[in-house]
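Here is final-v3.pdb, consisting of PDB, C-alpha atoms (C1' of nucleotides):
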```pdb
ATOM      1  CA  MET Y   1     -29.406  13.208  19.751
ATOM      2  CA  ASN Y   2     -30.214   9.506  19.625
ATOM      3  CA  ILE Y   3     -28.831   7.113  17.095
ATOM      4  CA  GLY Y   4     -31.988   7.047  14.991
ATOM      5  CA  ASP Y   5     -31.910  10.788  14.362
ATOM      6  CA  VAL Y   6     -28.244  10.656  13.531
ATOM      7  CA  ALA Y   7     -28.835   7.808  11.145
ATOM      8  CA  ARG Y   8     -31.533   9.778   9.361
ATOM      9  CA  GLN Y   9     -29.496  12.963   9.183
ATOM     10  CA  SER Y  10     -26.213  11.387   8.165
ATOM     11  CA  GLY Y  11     -27.597   8.699   5.924
ATOM     12  CA  VAL Y  12     -25.545   6.067   7.740
ATOM     13  CA  PRO Y  13     -27.573   3.138   9.169
ATOM     14  CA  ALA Y  14     -27.775   2.879  12.955
ATOM     15  CA  LYS Y  15     -26.217  -0.537  12.845
ATOM     16  CA  THR Y  16     -23.272   0.829  10.932
ATOM     17  CA  ILE Y  17     -22.900   3.727  13.335
ATOM     18  CA  ARG Y  18     -22.624   1.293  16.227
ATOM     19  CA  TYR Y  19     -20.039  -0.602  14.254
ATOM     20  CA  TYR Y  20     -18.082   2.590  13.623
ATOM     21  CA  GLU Y  21     -18.095   3.216  17.336
ATOM     22  CA  ASP Y  22     -16.834  -0.312  17.939
ATOM     23  CA  ILE Y  23     -13.860   0.210  15.694
ATOM     24  CA  GLY Y  24     -13.209   3.629  17.134
ATOM     25  CA  LEU Y  25     -14.165   5.862  14.226
ATOM     26  CA  ILE Y  26     -16.514   7.916  16.374
ATOM     27  CA  ARG Y  27     -16.898   8.295  20.120
ATOM     28  CA  PRO Y  28     -20.347   9.407  21.189
ATOM     29  CA  ASN Y  29     -21.077  10.008  24.859
ATOM     30  CA  ARG Y  30     -23.743   8.119  26.733
ATOM     31  CA  SER Y  31     -26.921   9.427  28.319
ATOM     32  CA  GLU Y  32     -28.004   8.289  31.759
ATOM     33  CA  ASN Y  33     -30.233   5.675  30.227
ATOM     34  CA  GLY Y  34     -27.334   4.137  28.367
ATOM     35  CA  TYR Y  35     -28.322   5.512  24.979
ATOM     36  CA  ARG Y  36     -25.603   6.926  22.777
ATOM     37  CA  ALA Y  37     -25.683  10.722  22.788
ATOM     38  CA  PHE Y  38     -24.574  12.334  19.533
ATOM     39  CA  THR Y  39     -23.764  15.911  18.617
ATOM     40  CA  GLU Y  40     -23.984  17.787  15.329
ATOM     41  CA  ASN Y  41     -20.310  17.143  14.902
ATOM     42  CA  HIS Y  42     -20.944  13.413  14.970
ATOM     43  CA  VAL Y  43     -23.534  13.827  12.269
ATOM     44  CA  HIS Y  44     -20.978  15.640  10.158
ATOM     45  CA  LYS Y  45     -18.343  13.030  10.680
ATOM     46  CA  LEU Y  46     -20.750  10.270   9.803
ATOM     47  CA  ALA Y  47     -21.874  12.018   6.654
ATOM     48  CA  PHE Y  48     -18.204  12.458   5.800
ATOM     49  CA  LEU Y  49     -17.634   8.772   6.348
ATOM     50  CA  GLY Y  50     -20.640   7.921   4.247
ATOM     51  CA  ARG Y  51     -19.284   9.898   1.328
ATOM     52  CA  ALA Y  52     -15.796   8.532   1.670
ATOM     53  CA  ARG Y  53     -17.142   4.987   1.750
ATOM     54  CA  ALA Y  54     -19.275   5.723  -1.297
ATOM     55  CA  LEU Y  55     -16.084   6.664  -3.118
ATOM     56  CA  GLY Y  56     -14.720   3.281  -2.171
ATOM     57  CA  PHE Y  57     -12.200   4.335   0.443
ATOM     58  CA  THR Y  58     -11.444   1.561   2.917
ATOM     59  CA  ILE Y  59     -12.234   2.000   6.581
ATOM     60  CA  GLU Y  60      -8.548   2.533   7.255
ATOM     61  CA  ASP Y  61      -8.430   5.227   4.600
ATOM     62  CA  CYS Y  62     -11.482   6.735   6.247
ATOM     63  CA  ARG Y  63      -9.735   6.782   9.561
ATOM     64  CA  THR Y  64      -6.890   8.711   8.010
ATOM     65  CA  LEU Y  65      -9.150  11.038   6.062
ATOM     66  CA  LEU Y  66     -11.247  11.752   9.114
ATOM     67  CA  SER Y  67      -8.206  12.745  11.107
ATOM     68  CA  LEU Y  68      -7.090  14.998   8.269
ATOM     69  CA  TYR Y  69     -10.603  16.407   8.059
ATOM     70  CA  GLU Y  70     -10.324  17.427  11.677
ATOM     71  CA  ASP Y  71      -6.757  18.617  11.483
ATOM     72  CA  GLU Y  72      -6.539  22.326  10.830
ATOM     73  CA  LYS Y  73      -2.859  21.917  10.116
ATOM     74  CA  ARG Y  74      -3.171  19.167   7.548
ATOM     75  CA  GLU Y  75      -1.239  19.474   4.337
ATOM     76  CA  SER Y  76      -3.262  18.835   1.243
ATOM     77  CA  MET Y  77      -0.523  16.559  -0.050
ATOM     78  CA  GLN Y  78      -1.385  14.095   2.680
ATOM     79  CA  VAL Y  79      -4.956  13.950   1.507
ATOM     80  CA  LYS Y  80      -3.923  13.777  -2.093
ATOM     81  CA  ALA Y  81      -1.595  10.874  -1.411
ATOM     82  CA  VAL Y  82      -4.401   8.815   0.072
ATOM     83  CA  ALA Y  83      -6.719   9.665  -2.786
ATOM     84  CA  GLU Y  84      -4.156   8.952  -5.464
ATOM     85  CA  ASP Y  85      -3.358   5.626  -3.985
ATOM     86  CA  HIS Y  86      -6.984   4.719  -3.869
ATOM     87  CA  LEU Y  87      -7.472   5.928  -7.405
ATOM     88  CA  ARG Y  88      -4.687   3.648  -8.555
ATOM     89  CA  GLN Y  89      -6.315   0.684  -6.882
ATOM     90  CA  ILE Y  90      -9.632   1.469  -8.464
ATOM     91  CA  GLU Y  91      -7.980   1.629 -11.832
ATOM     92  CA  GLU Y  92      -6.402  -1.743 -11.253
ATOM     93  CA  LYS Y  93      -9.740  -3.226 -10.380
ATOM     94  CA  ILE Y  94     -11.327  -1.715 -13.434
ATOM     95  CA  ALA Y  95      -8.612  -3.126 -15.640
ATOM     96  CA  LYS Y  96      -9.038  -6.578 -14.169
ATOM     97  CA  LEU Y  97     -12.787  -6.457 -14.569
ATOM     98  CA  GLN Y  98     -12.553  -5.194 -18.114
ATOM     99  CA  SER Y  99     -10.309  -8.048 -19.020
ATOM    100  CA  MET Y 100     -12.793 -10.492 -17.523
ATOM    101  CA  ARG Y 101     -15.594  -8.784 -19.334
ATOM    102  CA  ALA Y 102     -13.801  -9.011 -22.658
ATOM    103  CA  THR Y 103     -13.230 -12.733 -22.281
ATOM    104  CA  LEU Y 104     -16.708 -13.409 -20.992
ATOM    105  CA  ALA Y 105     -18.441 -11.320 -23.599
ATOM    106  CA  GLU Y 106     -16.605 -13.160 -26.329
ATOM    107  CA  LEU Y 107     -17.485 -16.541 -24.900
ATOM    108  CA  VAL Y 108     -21.110 -15.621 -24.342
ATOM    109  CA  GLU Y 109     -21.359 -14.426 -27.879
ATOM    110  CA  LYS Y 110     -19.891 -17.609 -29.270
ATOM    111  CA  CYS Y 111     -22.194 -19.825 -27.241
ATOM    112  CA  ALA Y 112     -25.270 -20.965 -29.103
ATOM    113  CA  GLY Y 113     -27.333 -21.120 -25.945
ATOM    114  CA  ASP Y 114     -29.506 -23.902 -27.251
ATOM    115  CA  HIS Y 115     -30.358 -27.441 -26.195
ATOM    116  CA  ARG Y 116     -27.140 -29.013 -27.382
ATOM    117  CA  PRO Y 117     -24.277 -29.721 -25.003
ATOM    118  CA  ASP Y 118     -21.512 -28.145 -27.079
ATOM    119  CA  CYS Y 119     -20.403 -24.967 -25.414
ATOM    120  CA  PRO Y 120     -17.433 -22.693 -26.048
ATOM    121  CA  ILE Y 121     -17.657 -21.417 -22.496
ATOM    122  CA  ILE Y 122     -17.176 -24.844 -20.972
ATOM    123  CA  GLU Y 123     -14.487 -25.564 -23.529
ATOM    124  CA  ASP Y 124     -12.590 -22.462 -22.642
ATOM    125  CA  LEU Y 125     -12.677 -23.347 -18.978
ATOM    126  CA  SER Y 126     -11.704 -26.955 -19.624
ATOM    127  CA  PRO Y 127      -8.062 -27.848 -19.214
ATOM    128  CA  GLU Y 128      -7.778 -30.044 -22.283
ATOM    129  CA  ARG Y 129      -4.365 -28.565 -22.872
ATOM    130  CA  LEU Y 130      -3.074 -30.345 -19.820
ATOM    131  CA  ALA Y 131      -3.970 -33.676 -21.302
ATOM    132  CA  LYS Y 132      -2.198 -32.984 -24.571
TER     133      LYS Y 132
ATOM    134  CA  MET E   1      -1.194 -38.170  -6.365
ATOM    135  CA  ASN E   2      -0.592 -36.044  -3.299
ATOM    136  CA  ILE E   3      -1.925 -32.554  -2.795
ATOM    137  CA  GLY E   4       1.378 -30.877  -3.608
ATOM    138  CA  ASP E   5       1.562 -32.422  -7.072
ATOM    139  CA  VAL E   6      -2.014 -31.537  -7.756
ATOM    140  CA  ALA E   7      -1.406 -27.985  -6.637
ATOM    141  CA  ARG E   8       1.538 -27.682  -9.005
ATOM    142  CA  GLN E   9      -0.310 -29.239 -11.934
ATOM    143  CA  SER E  10      -3.574 -27.408 -11.503
ATOM    144  CA  GLY E  11      -2.175 -24.096 -10.375
ATOM    145  CA  VAL E  12      -4.517 -24.101  -7.374
ATOM    146  CA  PRO E  13      -2.788 -23.720  -3.983
ATOM    147  CA  ALA E  14      -2.889 -26.724  -1.656
ATOM    148  CA  LYS E  15      -4.640 -24.685   0.963
ATOM    149  CA  THR E  16      -7.344 -23.761  -1.479
ATOM    150  CA  ILE E  17      -7.722 -27.359  -2.597
ATOM    151  CA  ARG E  18      -8.369 -28.402   0.988
ATOM    152  CA  TYR E  19     -10.886 -25.619   1.249
ATOM    153  CA  TYR E  20     -12.601 -26.792  -1.927
ATOM    154  CA  GLU E  21     -12.866 -30.231  -0.413
ATOM    155  CA  ASP E  22     -14.346 -28.734   2.747
ATOM    156  CA  ILE E  23     -17.105 -27.068   0.803
ATOM    157  CA  GLY E  24     -17.684 -30.128  -1.325
ATOM    158  CA  LEU E  25     -16.364 -28.967  -4.678
ATOM    159  CA  ILE E  26     -14.080 -31.970  -5.009
ATOM    160  CA  ARG E  27     -13.978 -35.293  -3.232
ATOM    161  CA  PRO E  28     -10.567 -36.932  -3.249
ATOM    162  CA  ASN E  29     -10.083 -40.350  -1.675
ATOM    163  CA  ARG E  30      -7.702 -40.993   1.159
ATOM    164  CA  SER E  31      -4.585 -43.124   1.177
ATOM    165  CA  GLU E  32      -3.803 -45.438   4.078
ATOM    166  CA  ASN E  33      -1.607 -42.814   5.647
ATOM    167  CA  GLY E  34      -4.438 -40.322   5.687
ATOM    168  CA  TYR E  35      -3.140 -38.261   2.780
ATOM    169  CA  ARG E  36      -5.606 -37.088   0.163
ATOM    170  CA  ALA E  37      -5.325 -39.185  -2.996
ATOM    171  CA  PHE E  38      -6.059 -37.330  -6.221
ATOM    172  CA  THR E  39      -6.581 -38.506  -9.772
ATOM    173  CA  GLU E  40      -6.008 -36.820 -13.115
ATOM    174  CA  ASN E  41      -9.657 -35.964 -13.144
ATOM    175  CA  HIS E  42      -9.261 -33.995  -9.953
ATOM    176  CA  VAL E  43      -6.441 -32.065 -11.542
ATOM    177  CA  HIS E  44      -8.717 -31.215 -14.457
ATOM    178  CA  LYS E  45     -11.525 -30.124 -12.223
ATOM    179  CA  LEU E  46      -9.215 -27.951 -10.182
ATOM    180  CA  ALA E  47      -7.750 -26.332 -13.259
ATOM    181  CA  PHE E  48     -11.306 -25.736 -14.432
ATOM    182  CA  LEU E  49     -12.130 -24.131 -11.114
ATOM    183  CA  GLY E  50      -9.013 -22.035 -11.286
ATOM    184  CA  ARG E  51     -10.016 -20.629 -14.637
ATOM    185  CA  ALA E  52     -13.589 -20.038 -13.626
ATOM    186  CA  ARG E  53     -12.452 -18.198 -10.510
ATOM    187  CA  ALA E  54     -10.031 -16.157 -12.585
ATOM    188  CA  LEU E  55     -13.002 -15.032 -14.655
ATOM    189  CA  GLY E  56     -14.624 -13.924 -11.452
ATOM    190  CA  PHE E  57     -17.305 -16.585 -11.141
ATOM    191  CA  THR E  58     -18.421 -17.088  -7.551
ATOM    192  CA  ILE E  59     -17.902 -20.402  -5.839
ATOM    193  CA  GLU E  60     -21.590 -21.135  -6.252
ATOM    194  CA  ASP E  61     -21.337 -20.393  -9.955
ATOM    195  CA  CYS E  62     -18.354 -22.710 -10.034
ATOM    196  CA  ARG E  63     -20.362 -25.449  -8.429
ATOM    197  CA  THR E  64     -22.959 -25.096 -11.151
ATOM    198  CA  LEU E  65     -20.412 -24.833 -13.933
ATOM    199  CA  LEU E  66     -18.541 -27.847 -12.674
ATOM    200  CA  SER E  67     -21.672 -29.945 -12.699
ATOM    201  CA  LEU E  68     -22.422 -28.771 -16.234
ATOM    202  CA  TYR E  69     -18.825 -29.512 -17.198
ATOM    203  CA  GLU E  70     -19.351 -33.079 -16.111
ATOM    204  CA  ASP E  71     -22.817 -33.427 -17.540
ATOM    205  CA  GLU E  72     -22.760 -34.919 -21.024
ATOM    206  CA  LYS E  73     -26.400 -33.979 -21.434
ATOM    207  CA  ARG E  74     -26.034 -30.331 -20.496
ATOM    208  CA  GLU E  75     -27.675 -27.743 -22.681
ATOM    209  CA  SER E  76     -25.434 -24.866 -23.636
ATOM    210  CA  MET E  77     -28.184 -22.443 -22.696
ATOM    211  CA  GLN E  78     -27.682 -23.385 -19.076
ATOM    212  CA  VAL E  79     -24.046 -22.463 -19.259
ATOM    213  CA  LYS E  80     -24.782 -19.333 -21.185
ATOM    214  CA  ALA E  81     -27.331 -18.211 -18.603
ATOM    215  CA  VAL E  82     -24.776 -18.422 -15.811
ATOM    216  CA  ALA E  83     -22.180 -16.595 -17.869
ATOM    217  CA  GLU E  84     -24.551 -13.862 -18.983
ATOM    218  CA  ASP E  85     -25.647 -13.252 -15.468
ATOM    219  CA  HIS E  86     -22.094 -12.986 -14.322
ATOM    220  CA  LEU E  87     -21.244 -10.709 -17.199
ATOM    221  CA  ARG E  88     -24.031  -8.383 -16.175
ATOM    222  CA  GLN E  89     -22.706  -8.221 -12.637
ATOM    223  CA  ILE E  90     -19.229  -7.470 -13.864
ATOM    224  CA  GLU E  91     -20.575  -4.665 -15.955
ATOM    225  CA  GLU E  92     -22.381  -3.229 -12.970
ATOM    226  CA  LYS E  93     -19.192  -3.303 -10.968
ATOM    227  CA  ILE E  94     -17.265  -1.643 -13.748
ATOM    228  CA  ALA E  95     -19.849   1.099 -14.009
ATOM    229  CA  LYS E  96     -19.717   1.748 -10.285
ATOM    230  CA  LEU E  97     -15.942   1.834 -10.271
ATOM    231  CA  GLN E  98     -15.788   4.116 -13.268
ATOM    232  CA  SER E  99     -18.072   6.549 -11.575
ATOM    233  CA  MET E 100     -15.846   6.505  -8.515
ATOM    234  CA  ARG E 101     -12.823   6.940 -10.677
ATOM    235  CA  ALA E 102     -14.303   9.937 -12.442
ATOM    236  CA  THR E 103     -15.070  11.690  -9.174
ATOM    237  CA  LEU E 104     -11.747  10.810  -7.616
ATOM    238  CA  ALA E 105      -9.700  11.742 -10.640
ATOM    239  CA  GLU E 106     -11.342  15.130 -10.735
ATOM    240  CA  LEU E 107     -10.735  15.745  -7.051
ATOM    241  CA  VAL E 108      -7.153  14.582  -7.222
ATOM    242  CA  GLU E 109      -6.516  16.858 -10.122
ATOM    243  CA  LYS E 110      -7.986  19.844  -8.343
ATOM    244  CA  CYS E 111      -5.975  19.240  -5.196
ATOM    245  CA  ALA E 112      -2.769  21.242  -5.013
ATOM    246  CA  GLY E 113      -1.027  18.593  -2.967
ATOM    247  CA  ASP E 114       1.167  21.079  -1.195
ATOM    248  CA  HIS E 115       1.774  22.083   2.401
ATOM    249  CA  ARG E 116      -1.382  24.124   2.787
ATOM    250  CA  PRO E 117      -4.473  22.685   4.458
ATOM    251  CA  ASP E 118      -6.989  23.700   1.778
ATOM    252  CA  CYS E 119      -8.119  20.639  -0.061
ATOM    253  CA  PRO E 120     -10.929  20.089  -2.555
ATOM    254  CA  ILE E 121     -10.983  16.410  -1.666
ATOM    255  CA  ILE E 122     -11.729  17.061   1.985
ATOM    256  CA  GLU E 123     -14.187  19.743   0.967
ATOM    257  CA  ASP E 124     -16.058  17.399  -1.302
ATOM    258  CA  LEU E 125     -16.352  14.831   1.436
ATOM    259  CA  SER E 126     -17.377  17.409   4.018
ATOM    260  CA  PRO E 127     -21.072  17.770   4.691
ATOM    261  CA  GLU E 128     -21.142  21.559   4.845
ATOM    262  CA  ARG E 129     -24.425  21.452   3.040
ATOM    263  CA  LEU E 130     -26.063  19.925   6.092
ATOM    264  CA  ALA E 131     -25.163  22.941   8.172
ATOM    265  CA  LYS E 132     -26.617  25.434   5.717
TER     266      LYS E 132
ATOM    267  C1'  DC J   1     -51.690   3.046  36.096
ATOM    268  C1'  DA J   2     -50.899  -0.377  32.706
ATOM    269  C1'  DT J   3     -50.029  -1.158  28.196
ATOM    270  C1'  DT J   4     -48.455  -0.510  23.550
ATOM    271  C1'  DG J   5     -45.305   0.664  19.897
ATOM    272  C1'  DA J   6     -41.255   2.682  18.703
ATOM    273  C1'  DC J   7     -36.769   3.257  20.238
ATOM    274  C1'  DC J   8     -32.589   1.791  22.251
ATOM    275  C1'  DC J   9     -29.113  -1.636  24.210
ATOM    276  C1'  DT J  10     -25.669  -5.785  23.919
ATOM    277  C1'  DC J  11     -24.141  -9.851  22.234
ATOM    278  C1'  DC J  12     -23.670 -13.640  18.650
ATOM    279  C1'  DA J  13     -23.468 -15.356  14.117
ATOM    280  C1'  DG J  14     -22.999 -15.112   9.259
ATOM    281  C1'  DT J  15     -21.338 -13.256   4.824
ATOM    282  C1'  DA J  16     -17.048 -14.628   0.521
ATOM    283  C1'  DA J  17     -13.242 -17.054  -0.335
ATOM    284  C1'  DC J  18      -9.653 -17.918   1.192
ATOM    285  C1'  DT J  19      -4.905 -17.423   3.970
ATOM    286  C1'  DG J  20      -1.681 -17.946   7.829
ATOM    287  C1'  DG J  21      -0.100 -20.389  11.545
ATOM    288  C1'  DA J  22       0.327 -23.839  15.287
ATOM    289  C1'  DA J  23       0.935 -28.537  16.615
ATOM    290  C1'  DG J  24       1.860 -32.840  15.193
ATOM    291  C1'  DC J  25       2.342 -37.237  12.021
ATOM    292  C1'  DC J  26       4.698 -39.351   7.597
ATOM    293  C1'  DT J  27       8.437 -40.241   4.353
ATOM    294  C1'  DC J  28      12.661 -40.376   2.338
ATOM    295  C1'  DA J  29      17.524 -39.609   2.136
ATOM    296  C1'  DT J  30      21.693 -39.187   4.444
TER     297       DT J  30
ATOM    298  C1'  DA N   1      18.694 -41.697  13.828
ATOM    299  C1'  DT N   2      17.970 -37.419  12.284
ATOM    300  C1'  DG N   3      16.517 -33.656   9.513
ATOM    301  C1'  DA N   4      13.998 -31.565   5.679
ATOM    302  C1'  DG N   5       9.927 -31.521   3.479
ATOM    303  C1'  DG N   6       5.256 -32.744   2.939
ATOM    304  C1'  DC N   7       1.023 -34.000   4.856
ATOM    305  C1'  DT N   8      -2.804 -33.659   8.498
ATOM    306  C1'  DT N   9      -6.351 -30.964  11.415
ATOM    307  C1'  DC N  10      -8.097 -27.029  13.615
ATOM    308  C1'  DC N  11      -8.377 -22.177  14.860
ATOM    309  C1'  DA N  12      -8.202 -17.457  13.807
ATOM    310  C1'  DG N  13      -8.175 -13.459  10.867
ATOM    311  C1'  DT N  14      -9.416 -10.852   6.755
ATOM    312  C1'  DT N  15     -13.526  -6.605   5.033
ATOM    313  C1'  DA N  16     -17.337  -4.024   6.355
ATOM    314  C1'  DC N  17     -20.998  -4.685   7.672
ATOM    315  C1'  DT N  18     -25.999  -7.018   8.463
ATOM    316  C1'  DG N  19     -29.569  -9.753  10.776
ATOM    317  C1'  DG N  20     -31.519 -11.408  14.746
ATOM    318  C1'  DA N  21     -32.392 -12.733  19.613
ATOM    319  C1'  DG N  22     -33.428 -11.122  24.072
ATOM    320  C1'  DG N  23     -34.302  -7.456  26.764
ATOM    321  C1'  DG N  24     -34.491  -2.309  28.755
ATOM    322  C1'  DT N  25     -36.669   2.755  27.884
ATOM    323  C1'  DC N  26     -39.860   6.304  26.690
ATOM    324  C1'  DA N  27     -43.976   8.851  25.396
ATOM    325  C1'  DA N  28     -48.630   8.582  24.641
ATOM    326  C1'  DT N  29     -52.952   6.460  25.069
ATOM    327  C1'  DG N  30     -57.071   4.101  27.364
TER     328       DG N  30
END
```

Would you mind giving the structure from this file in structure tokens?
Amino acid sequence: MNIGDVARQSGVPAKTIRYYEDIGLIRPNRSENGYRAFTENHVHKLAFLGRARALGFTIEDCRTLLSLYEDEKRESMQVKAVAEDHLRQIEEKIAKLQSMRATLAELVEKCAGDHRPDCPIIEDLSPERLAK
Amino acid sequence: MNIGDVARQSGVPAKTIRYYEDIGLIRPNRSENGYRAFTENHVHKLAFLGRARALGFTIEDCRTLLSLYEDEKRESMQVKAVAEDHLRQIEEKIAKLQSMRATLAELVEKCAGDHRPDCPIIEDLSPERLAK
DNA sequence: CATTGACCCTCCAGTAACTGGAAGCCTCAT
DNA sequence: ATGAGGCTTCCAGTTACTGGAGGGTCAATG
């Protein structure tokens, strides 16, 4: 199978597939003409990667998950550890963003948004306190 | 004032200050010895930038905000527009992350996390459906 | 048989916002 | 004079791709 077919079937862009080969996530053979030659298994791995990436796993996580995916003797605790760690990081990010949102929403609400220069947003960002 | 003092007073790392000069966010003078020479105003701007960055504004947003900060004739609607836009993007990110979190949390909960290979996380990522 | 259009290939560069490190000058205190 | 910091520049690396240039390959058509 050529890269275009694989891209269509796996949902991963050709460019990205080449990149994944570069970093060693997949290892397609080559045809005589130099084209990458993929198998069904590659399609599966790429779809797997696509899903993992969609859940926000890093490429390094994906590398680990892929090896566990292929390992008949994996222990589910290994998988769970990766996922839990990632979950924690997502929760941290959410918390950070929610705190930003709270501040921003408050400032936006307080700002008149008219033609006058007075602006609570600018004031909040301004370091007047330093000049006290 | 030298860069170290400014870093301490503004809370922005020296390295970052140099970077901000590189990209034209601030323009300190130079002393005879080649050292950057900062004023109080630079400290204020950097503290401003630090806060804006902490709220997640991009560098380009910061450029805009900084010019509005310095513009006596700004209209608060300009500031508000930037902030609202940013707020929207933050909300998008939160939504995406929450969706990831929901999926992940469910999978993590379902996973036994023991020594057996069976794992709902791996199963969810696996593209069995393609091979139907 | 030549051409055309759709594929495929390999580099190279750019993205966002820094951060780390090397190599080397400046300054001040001992 | 020497040593500890502080300052300088420049280069490289980070994350995960994405776009584009320049150039082969293949199948079908005229």

Residues of chain N that have any atom at most 9 Å from an atom of range 3-8 of chain J: could you tabulate them with the shortest-distance atom pair and the distance in Å to one decimal, using all atoms listed in the file, ordered by chain and increasing number, as JSON lines?
```
{"residue": "N:DG24", "atom": "C1'", "partner": "J:DC8", "partner_atom": "C1'", "distance": 7.9}
{"residue": "N:DT25", "atom": "C1'", "partner": "J:DC8", "partner_atom": "C1'", "distance": 7.0}
{"residue": "N:DC26", "atom": "C1'", "partner": "J:DC7", "partner_atom": "C1'", "distance": 7.8}
{"residue": "N:DT29", "atom": "C1'", "partner": "J:DT4", "partner_atom": "C1'", "distance": 8.4}
{"residue": "N:DG30", "atom": "C1'", "partner": "J:DT3", "partner_atom": "C1'", "distance": 8.8}
```

Please produce a file of those selected residues containing C-alpha atoms (C1' of nucleotides), as a PDB file, in the frame of the given file.
```
ATOM      1  C1'  DG N  24     -34.491  -2.309  28.755  1.00  0.00           C
ATOM      2  C1'  DT N  25     -36.669   2.755  27.884  1.00  0.00           C
ATOM      3  C1'  DC N  26     -39.860   6.304  26.690  1.00  0.00           C
ATOM      4  C1'  DT N  29     -52.952   6.460  25.069  1.00  0.00           C
ATOM      5  C1'  DG N  30     -57.071   4.101  27.364  1.00  0.00           C
TER       6       DG N  30
END
```

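Using only C-alpha atoms, the part of chain Y that sits within 6 Å of chain E is made up of His44, Phe48, Arg51, Leu55, Lys73, Arg74, Glu75, Ser76, Met77, Lys80, Ile94, Met100, Gly113, Asp114, His115, Arg116, Pro117, Cys119, Leu125, Ser126 and Pro127 of chain Y.
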
*Please, which residues of chain E lie no more than 12 Å from chain J when the count uses all atoms listed in the file, and can they be set out as a ChimeraX atom specification?*
/E:12-20,22-23,31-35,53,56-60

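Neighbouring residues of Arg36 in chain Y at 7 Å or closer, counting only C-alpha atoms (C1' of nucleotides) and skipping chain neighbours under 5 positions away, are Asn2, Ile3, Pro28, Asn29, Arg30 and Ser31 of chain Y.
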
Draw an axis-aligned box over all listed atoms of range 97-116 of chain Y, pad each side with 5 Å, and write its centre and edge lengths in Å, one decimal, as lines of an AutoDock Vina configuration file.
```
center_x = -20.3
center_y = -17.1
center_z = -21.9
size_x = 30.0
size_y = 33.8
size_z = 24.7
```

*Counting only C-alpha atoms (C1' of nucleotides), which of N:DT18, N:DC7, N:DA1, N:DG13 gets nearest to chain Y?*
N:DT18

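For the atom pair formed by CA of Ala37 in chain E and CA of Thr64 in chain E, the distance is 24.0 Å, given to one decimal.
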
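The space between C1' of DG6 in chain N and CA of Arg8 in chain E spans 13.5 Å.
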
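In this model, the gap between CA of Arg27 in chain Y and C1' of DG20 in chain N comes to 25.1 Å.
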